[in-house]
$ cat protein-v9.txt   # compact mmCIF, C-alpha atoms
# COMPACT_ATOMS: atom_id res chain seq x y z
CA MET V 1 -46.09 -13.37 47.61
CA GLY V 2 -48.88 -15.05 45.72
CA ARG V 3 -48.51 -17.84 43.19
CA ALA V 4 -49.01 -15.52 40.23
CA GLN V 5 -46.35 -13.15 41.54
CA ARG V 6 -43.89 -16.02 42.03
CA GLN V 7 -44.50 -17.21 38.46
CA ARG V 8 -43.90 -13.70 37.10
CA ALA V 9 -40.73 -13.36 39.16
CA SER V 10 -39.53 -16.77 38.01
CA ALA V 11 -40.22 -15.89 34.37
CA LEU V 12 -38.31 -12.61 34.79
CA VAL V 13 -35.32 -14.47 36.22
CA VAL V 14 -35.36 -16.84 33.24
CA VAL V 15 -35.53 -13.92 30.79
CA VAL V 16 -32.68 -12.05 32.51
CA ARG V 17 -30.54 -15.20 32.72
CA THR V 18 -31.16 -15.98 29.04
CA LEU V 19 -30.32 -12.43 27.99
CA GLY V 20 -27.17 -12.55 30.10
CA GLU V 21 -26.08 -15.83 28.53
CA LEU V 22 -26.77 -14.47 25.03
CA MET V 23 -24.74 -11.33 25.74
CA ILE V 24 -21.83 -13.38 27.09
CA THR V 25 -21.96 -15.63 24.03
CA PHE V 26 -22.13 -12.60 21.73
CA GLY V 27 -19.15 -11.05 23.53
CA ILE V 28 -17.13 -14.26 23.15
CA VAL V 29 -17.97 -14.40 19.43
CA ILE V 30 -16.87 -10.78 18.97
CA LEU V 31 -13.66 -11.45 20.90
CA LEU V 32 -12.89 -14.52 18.79
CA PHE V 33 -13.55 -12.52 15.62
CA VAL V 34 -11.15 -9.79 16.76
CA VAL V 35 -8.47 -12.36 17.64
CA TYR V 36 -8.95 -14.03 14.25
CA THR V 37 -8.83 -10.73 12.35
CA LEU V 38 -5.84 -9.25 14.16
CA TYR V 39 -3.71 -12.34 14.80
CA VAL V 40 -4.78 -15.50 12.99
CA THR V 41 -5.04 -13.84 9.57
CA ASP V 42 -1.59 -12.29 10.16
CA VAL V 43 -0.11 -15.76 10.71
CA ILE V 44 -1.81 -17.13 7.60
CA ALA V 45 -0.70 -14.12 5.52
CA ALA V 46 2.90 -14.47 6.75
CA ARG V 47 3.00 -18.09 5.58
CA GLN V 48 1.56 -17.14 2.20
CA GLN V 49 4.09 -14.32 1.91
CA ASP V 50 6.93 -16.74 2.61
CA ASP V 51 5.63 -19.08 -0.09
CA VAL V 52 5.26 -16.38 -2.76
CA ASP V 53 8.63 -14.90 -1.81
CA ASP V 54 10.31 -18.30 -2.27
CA LYS V 55 8.65 -18.69 -5.68
CA LEU V 56 9.72 -15.21 -6.73
CA GLU V 57 13.33 -15.79 -5.68
CA ARG V 58 13.43 -19.09 -7.55
CA SER V 59 11.97 -17.49 -10.69
CA TRP V 60 14.62 -14.76 -10.59
CA ALA V 61 17.38 -17.31 -10.10
CA SER V 62 16.29 -19.64 -12.90
CA PRO V 63 17.66 -19.15 -16.43
CA VAL V 64 15.03 -18.26 -19.02
CA ALA V 65 15.12 -17.73 -22.74
CA GLN V 66 13.44 -14.31 -22.82
CA GLN V 67 14.93 -11.07 -21.63
CA PRO V 68 14.11 -10.08 -18.02
CA ALA V 69 12.14 -7.03 -19.13
CA GLU V 70 9.82 -9.24 -21.14
CA ARG V 71 8.92 -11.18 -18.02
CA LEU V 72 7.19 -8.14 -16.58
CA VAL V 73 4.94 -7.37 -19.52
CA LYS V 74 1.85 -8.82 -17.86
CA PRO V 75 2.20 -10.64 -14.54
CA GLU V 76 -0.21 -13.50 -13.97
CA LEU V 77 -3.03 -12.93 -11.51
CA GLY V 78 -1.92 -13.91 -8.02
CA SER V 79 1.74 -14.24 -8.92
CA GLY V 80 4.50 -12.27 -7.19
CA PHE V 81 6.59 -10.14 -9.52
CA ALA V 82 8.27 -7.45 -7.37
CA ARG V 83 9.09 -6.52 -3.79
CA ILE V 84 8.21 -3.31 -1.98
CA TYR V 85 10.28 -1.74 0.81
CA LEU V 86 9.45 1.29 2.96
CA PRO V 87 12.74 2.24 4.67
CA ALA V 88 10.96 4.63 7.04
CA PHE V 89 9.42 1.56 8.70
CA GLY V 90 12.74 -0.22 9.21
CA GLU V 91 14.83 -2.49 7.01
CA ASP V 92 12.60 -5.46 7.89
CA PHE V 93 9.66 -3.94 5.99
CA ARG V 94 9.64 -6.15 2.94
CA PHE V 95 6.68 -7.60 1.05
CA VAL V 96 6.24 -9.35 -2.25
CA VAL V 97 3.79 -7.51 -4.51
CA VAL V 98 1.33 -9.87 -6.20
CA GLU V 99 -0.74 -9.18 -9.27
CA GLY V 100 -4.36 -8.31 -8.46
CA VAL V 101 -6.31 -6.48 -5.78
CA GLY V 102 -9.08 -9.00 -5.08
CA SER V 103 -9.54 -10.58 -1.65
CA PRO V 104 -7.44 -13.69 -2.50
CA GLN V 105 -4.51 -11.55 -3.64
CA LEU V 106 -4.62 -9.00 -0.79
CA ALA V 107 -4.74 -11.88 1.70
CA VAL V 108 -1.20 -12.69 0.55
CA GLY V 109 0.23 -9.15 0.63
CA PRO V 110 0.22 -5.87 -1.28
CA GLY V 111 -1.52 -6.19 -4.63
CA HIS V 112 -0.78 -4.48 -7.94
CA TYR V 113 -3.74 -2.93 -9.73
CA PRO V 114 -3.93 -4.77 -13.08
CA GLY V 115 -3.47 -2.43 -16.00
CA THR V 116 -1.47 0.14 -14.07
CA ALA V 117 2.19 0.78 -14.84
CA LEU V 118 4.94 -1.62 -13.83
CA PRO V 119 7.96 -0.47 -11.78
CA GLY V 120 9.99 2.18 -13.59
CA GLN V 121 7.49 2.75 -16.38
CA PRO V 122 5.84 6.09 -17.20
CA GLY V 123 2.39 6.29 -15.66
CA ASN V 124 1.29 5.12 -12.26
CA VAL V 125 2.21 1.91 -10.41
CA GLY V 126 -0.90 1.27 -8.30
CA ILE V 127 -0.47 -0.92 -5.19
CA ALA V 128 -3.16 -1.69 -2.59
CA GLY V 129 -2.69 -3.22 0.85
CA HIS V 130 -4.63 -4.07 4.00
CA ARG V 131 -4.36 -1.85 7.05
CA ILE V 132 -5.78 -4.29 9.61
CA GLY V 133 -5.28 -8.05 9.63
CA LYS V 134 -3.94 -10.29 6.84
CA GLY V 135 -0.42 -9.05 7.43
CA ALA V 136 -1.53 -5.39 7.52
CA PRO V 137 1.33 -4.26 5.24
CA PHE V 138 -0.02 -0.70 5.02
CA ASN V 139 -1.04 -0.29 8.66
CA ASP V 140 1.29 2.70 9.20
CA LEU V 141 0.91 4.33 5.82
CA ASP V 142 -0.30 7.53 7.50
CA LYS V 143 3.15 7.91 9.07
CA LEU V 144 4.91 8.38 5.73
CA ASN V 145 6.16 11.91 5.16
CA SER V 146 7.17 13.77 2.03
CA CYS V 147 10.49 12.52 0.60
CA ASP V 148 10.25 9.14 2.38
CA ALA V 149 11.38 6.39 0.02
CA VAL V 150 9.23 3.72 -1.60
CA VAL V 151 11.55 1.12 -3.11
CA LEU V 152 10.34 -1.40 -5.69
CA GLU V 153 12.64 -4.29 -6.51
CA THR V 154 12.40 -6.23 -9.75
CA GLU V 155 14.62 -8.99 -11.07
CA THR V 156 17.23 -6.54 -12.34
CA ASP V 157 16.73 -3.18 -10.66
CA PHE V 158 15.77 -1.18 -7.61
CA PHE V 159 13.40 1.68 -8.44
CA ILE V 160 13.42 4.45 -5.84
CA TYR V 161 10.31 6.56 -5.55
CA ARG V 162 9.89 9.29 -2.95
CA VAL V 163 6.67 10.59 -1.46
CA MET V 164 5.62 13.81 -3.13
CA PRO V 165 5.03 17.10 -1.27
CA MET V 166 1.99 17.24 0.96
CA SER V 167 -0.77 19.69 0.06
CA ASP V 168 0.45 22.24 2.62
CA GLU V 169 4.04 22.01 1.34
CA VAL V 170 3.46 22.55 -2.37
CA ALA V 171 3.57 26.36 -2.28
CA ASN V 172 6.97 26.44 -0.53
CA TRP V 173 8.43 23.22 -1.86
CA GLY V 174 11.70 24.85 -2.87
CA LYS V 175 12.41 25.83 0.74
CA VAL V 176 11.49 22.36 1.99
CA LYS V 177 13.91 20.75 -0.46
CA GLN V 178 16.72 22.96 0.79
CA ARG V 179 16.24 21.59 4.32
CA ASP V 180 16.27 17.89 3.41
CA PRO V 181 18.78 16.51 0.86
CA ARG V 182 16.52 13.50 0.27
CA CYS V 183 14.02 15.89 -1.32
CA ALA V 184 16.43 17.25 -3.92
CA ALA V 185 15.05 15.18 -6.79
CA VAL V 186 11.42 15.06 -5.62
CA PRO V 187 9.27 17.17 -7.94
CA SER V 188 6.18 19.17 -7.23
CA LEU V 189 4.27 18.49 -10.42
CA ARG V 190 1.85 21.33 -9.88
CA GLN V 191 2.20 23.93 -12.65
CA ALA V 192 1.76 27.52 -11.53
CA GLY V 193 -0.56 29.52 -13.73
CA GLN V 194 -2.27 26.44 -15.16
CA PRO V 195 -5.95 25.65 -14.42
CA GLU V 196 -6.08 23.53 -11.24
CA GLY V 197 -2.29 23.39 -11.30
CA GLY V 198 -2.07 21.46 -14.57
CA PRO V 199 -2.59 17.73 -15.13
CA TYR V 200 -0.89 16.80 -11.84
CA GLY V 201 -2.31 19.65 -9.77
CA ARG V 202 -4.40 17.20 -7.70
CA THR V 203 -1.51 14.81 -7.08
CA VAL V 204 0.10 15.40 -3.69
CA GLY V 205 1.86 13.18 -1.17
CA ARG V 206 -1.22 12.14 0.79
CA ARG V 207 -4.92 12.34 0.09
CA ILE V 208 -8.03 10.97 1.79
CA VAL V 209 -10.72 10.12 -0.76
CA THR V 210 -13.98 8.23 -1.02
CA PRO V 211 -13.85 4.53 -1.99
CA ASP V 212 -15.16 5.24 -5.48
CA ARG V 213 -12.04 7.23 -6.45
CA GLY V 214 -10.44 4.48 -8.47
CA ASP V 215 -8.95 7.24 -10.60
CA ALA V 216 -6.30 7.70 -7.90
CA VAL V 217 -4.35 4.98 -9.75
CA ALA V 218 -5.05 6.38 -13.23
CA PRO V 219 -1.91 7.06 -15.34
CA VAL V 220 -2.37 10.72 -14.40
CA PRO V 221 -4.03 10.52 -10.97
CA TYR V 222 -7.57 11.90 -10.73
CA ARG V 223 -7.57 12.48 -14.47
CA PRO V 224 -9.15 9.30 -15.82
CA GLU V 225 -9.55 10.91 -19.20
CA ASN V 226 -5.70 10.81 -19.30
CA PRO V 227 -4.86 14.22 -20.79
CA LEU V 228 -1.18 13.38 -21.45
CA PRO V 229 0.42 11.05 -23.99
CA LYS V 230 2.47 8.30 -22.39
CA ALA V 231 5.80 9.92 -23.27
CA GLN V 232 4.81 12.97 -21.20
CA GLN V 233 3.53 11.07 -18.17
CA ALA V 234 5.50 11.19 -14.94
CA SER V 235 6.61 7.89 -13.40
CA LEU V 236 4.64 7.56 -10.18
CA VAL V 237 3.77 5.01 -7.53
CA THR V 238 0.45 5.14 -5.68
CA LEU V 239 -0.23 3.21 -2.46
CA THR V 240 -3.82 2.79 -1.33
CA THR V 241 -5.38 1.46 1.87
CA CYS V 242 -8.53 1.73 3.95
CA HIS V 243 -9.19 4.75 6.15
CA PRO V 244 -9.71 5.28 9.04
CA GLU V 245 -7.54 2.60 10.62
CA TYR V 246 -10.41 0.43 11.85
CA GLY V 247 -12.89 1.33 9.13
CA ASN V 248 -13.27 1.44 5.38
CA SER V 249 -15.49 4.44 4.75
CA GLU V 250 -12.62 6.21 2.98
CA ARG V 251 -9.30 5.48 1.32
CA MET V 252 -5.85 6.82 2.14
CA ILE V 253 -3.74 7.53 -0.92
CA ILE V 254 0.04 8.03 -0.96
CA HIS V 255 1.69 9.30 -4.14
CA GLY V 256 5.41 9.05 -4.88
CA ALA V 257 7.56 10.07 -7.84
CA LEU V 258 10.41 8.05 -9.36
CA VAL V 259 13.76 9.68 -8.55
CA ASN V 260 16.31 6.95 -9.28
CA GLN V 261 16.86 3.53 -10.82
CA ILE V 262 19.81 1.49 -9.58
CA PRO V 263 20.74 -1.87 -11.15
CA LYS V 264 20.94 -4.65 -8.60
CA GLN V 265 24.41 -5.53 -9.86
CA GLN V 266 25.51 -2.06 -8.79
CA ALA V 267 23.61 -1.94 -5.48
CA GLY V 268 24.57 -5.46 -4.43
CA SER V 269 21.83 -5.81 -1.82
CA TYR V 270 18.94 -3.87 -0.36
CA GLN V 271 20.98 -3.06 2.76
CA ALA V 272 23.75 -1.63 0.60
CA LEU V 273 21.18 0.27 -1.45
CA LEU V 274 20.03 2.13 1.65
CA GLY V 275 23.45 3.70 1.98
CA LEU V 276 23.50 4.63 -1.70
CA ILE V 277 20.23 6.51 -1.47
CA GLY V 278 20.97 8.26 1.82
CA GLU V 279 18.72 6.19 4.08
CA PRO V 280 19.84 5.11 7.57
CA VAL V 281 21.09 1.53 7.69
$ encode --input "protein-v9.txt" --output "structure tokens"
Amino acid sequence: MGRAQRQRASALVVVVRTLGELMITFGIVILLFVVYTLYVTDVIAARQQDDVDDKLERSWASPVAQQPAERLVKPELGSGFARIYLPAFGEDFRFVVVEGVGSPQLAVGPGHYPGTALPGQPGNVGIAGHRIGKGAPFNDLDKLNSCDAVVLETETDFFIYRVMPMSDEVANWGKVKQRDPRCAAVPSLRQAGQPEGGPYGRTVGRRIVTPDRGDAVAPVPYRPENPLPKAQQASLVTLTTCHPEYGNSERMIIHGALVNQIPKQQAGSYQALLGLIGEPV
């Protein structure tokens, strides 16, 4: 092998070694990013949840001059004002809902869309949550079925919403309700004979939409022009998260309807409430 050939071979070895080292470094960086996203942010979010939960419990326990209902008129950005429970995911599923859906708020837990209804009110309680990392409160949202409960706890009451019929269940909803007693009070808001099923004809238990569909949390979902006066609006809850699980090209939307309101003095505790509403304890 001549000198020129040896130099070319040596240069090739250097190039290959450098590329190999860069690829290893890149792989390590990606691995660290995945570990941070899936685990470290979960630990940080859990600590922040504990802090906001302690603050919420103290605020509920402290005497105040105003009536409890007045304390929910307009929650402060970043403050916790309610808890959300999804019994289908076990009795340990419990998160404080904070006001706001910006990155700082969603890093703490589920966030309430400012301007949307508050628990129990007519209109639409809009709540967003991460699906991957940062506690991932809505990671399994796709596993919710029609009639599954969404419980919102305020200082004085538990508000029980249930997931509305899925799009393929609407036509035969009466038969579905007969098979599951939990569905007895769950309405199908679609109006037969009305254009597009009436104001709520687009509102079903689960929808996959593009990220620009902010009207999913409108008082009447997907009707931002709001065709109904407030007194005629249904009381709904809407949960939103990224879709697919490891992407954000779309949004998963879960809609539920209010079926019951139980004072906390009557329920006693969340565990006792589960028995009252027919959920396994």
$ atom_distance --input "protein-v9.txt" --atom1 "atom CA of Leu144 of chain V" --atom2 "atom CA of Val163 of chain V"
7.7 Å
$ closest_residue --input "protein-v9.txt" --among "V:Cys242, V:Met164, V:Val237, V:Ile277" --to "Val204 of chain V" --atoms "only C-alpha atoms"
V:Met164
$ residues_around --input "protein-v9.txt" --residues "Ser59 of chain V" --least-positions-apart "5" --cutoff "10 Å" --atoms "only C-alpha atoms" --output "PyMOL selection string"
chain V and resi 53-54+64+80-81+155
$ closest_residue --input "protein-v9.txt" --among "V:Tyr270, V:Trp60, V:Tyr161, V:Tyr222" --to "Ser235 of chain V" --atoms "only C-alpha atoms"
V:Tyr161
$ residues_around --input "protein-v9.txt" --residues "segment 149-152 of chain V" --least-positions-apart "6" --cutoff "9 Å" --atoms "all atoms listed in the file" --output "list in words"
Ala82, Arg83, Ile84, Tyr85, Leu86, Pro87, Ala88, Pro119, Gly120, Phe158, Phe159, Ile160, Tyr161, Arg162, Val163, Arg182, Val237, Gly256, Leu258, Ile277 and Glu279 of chain V
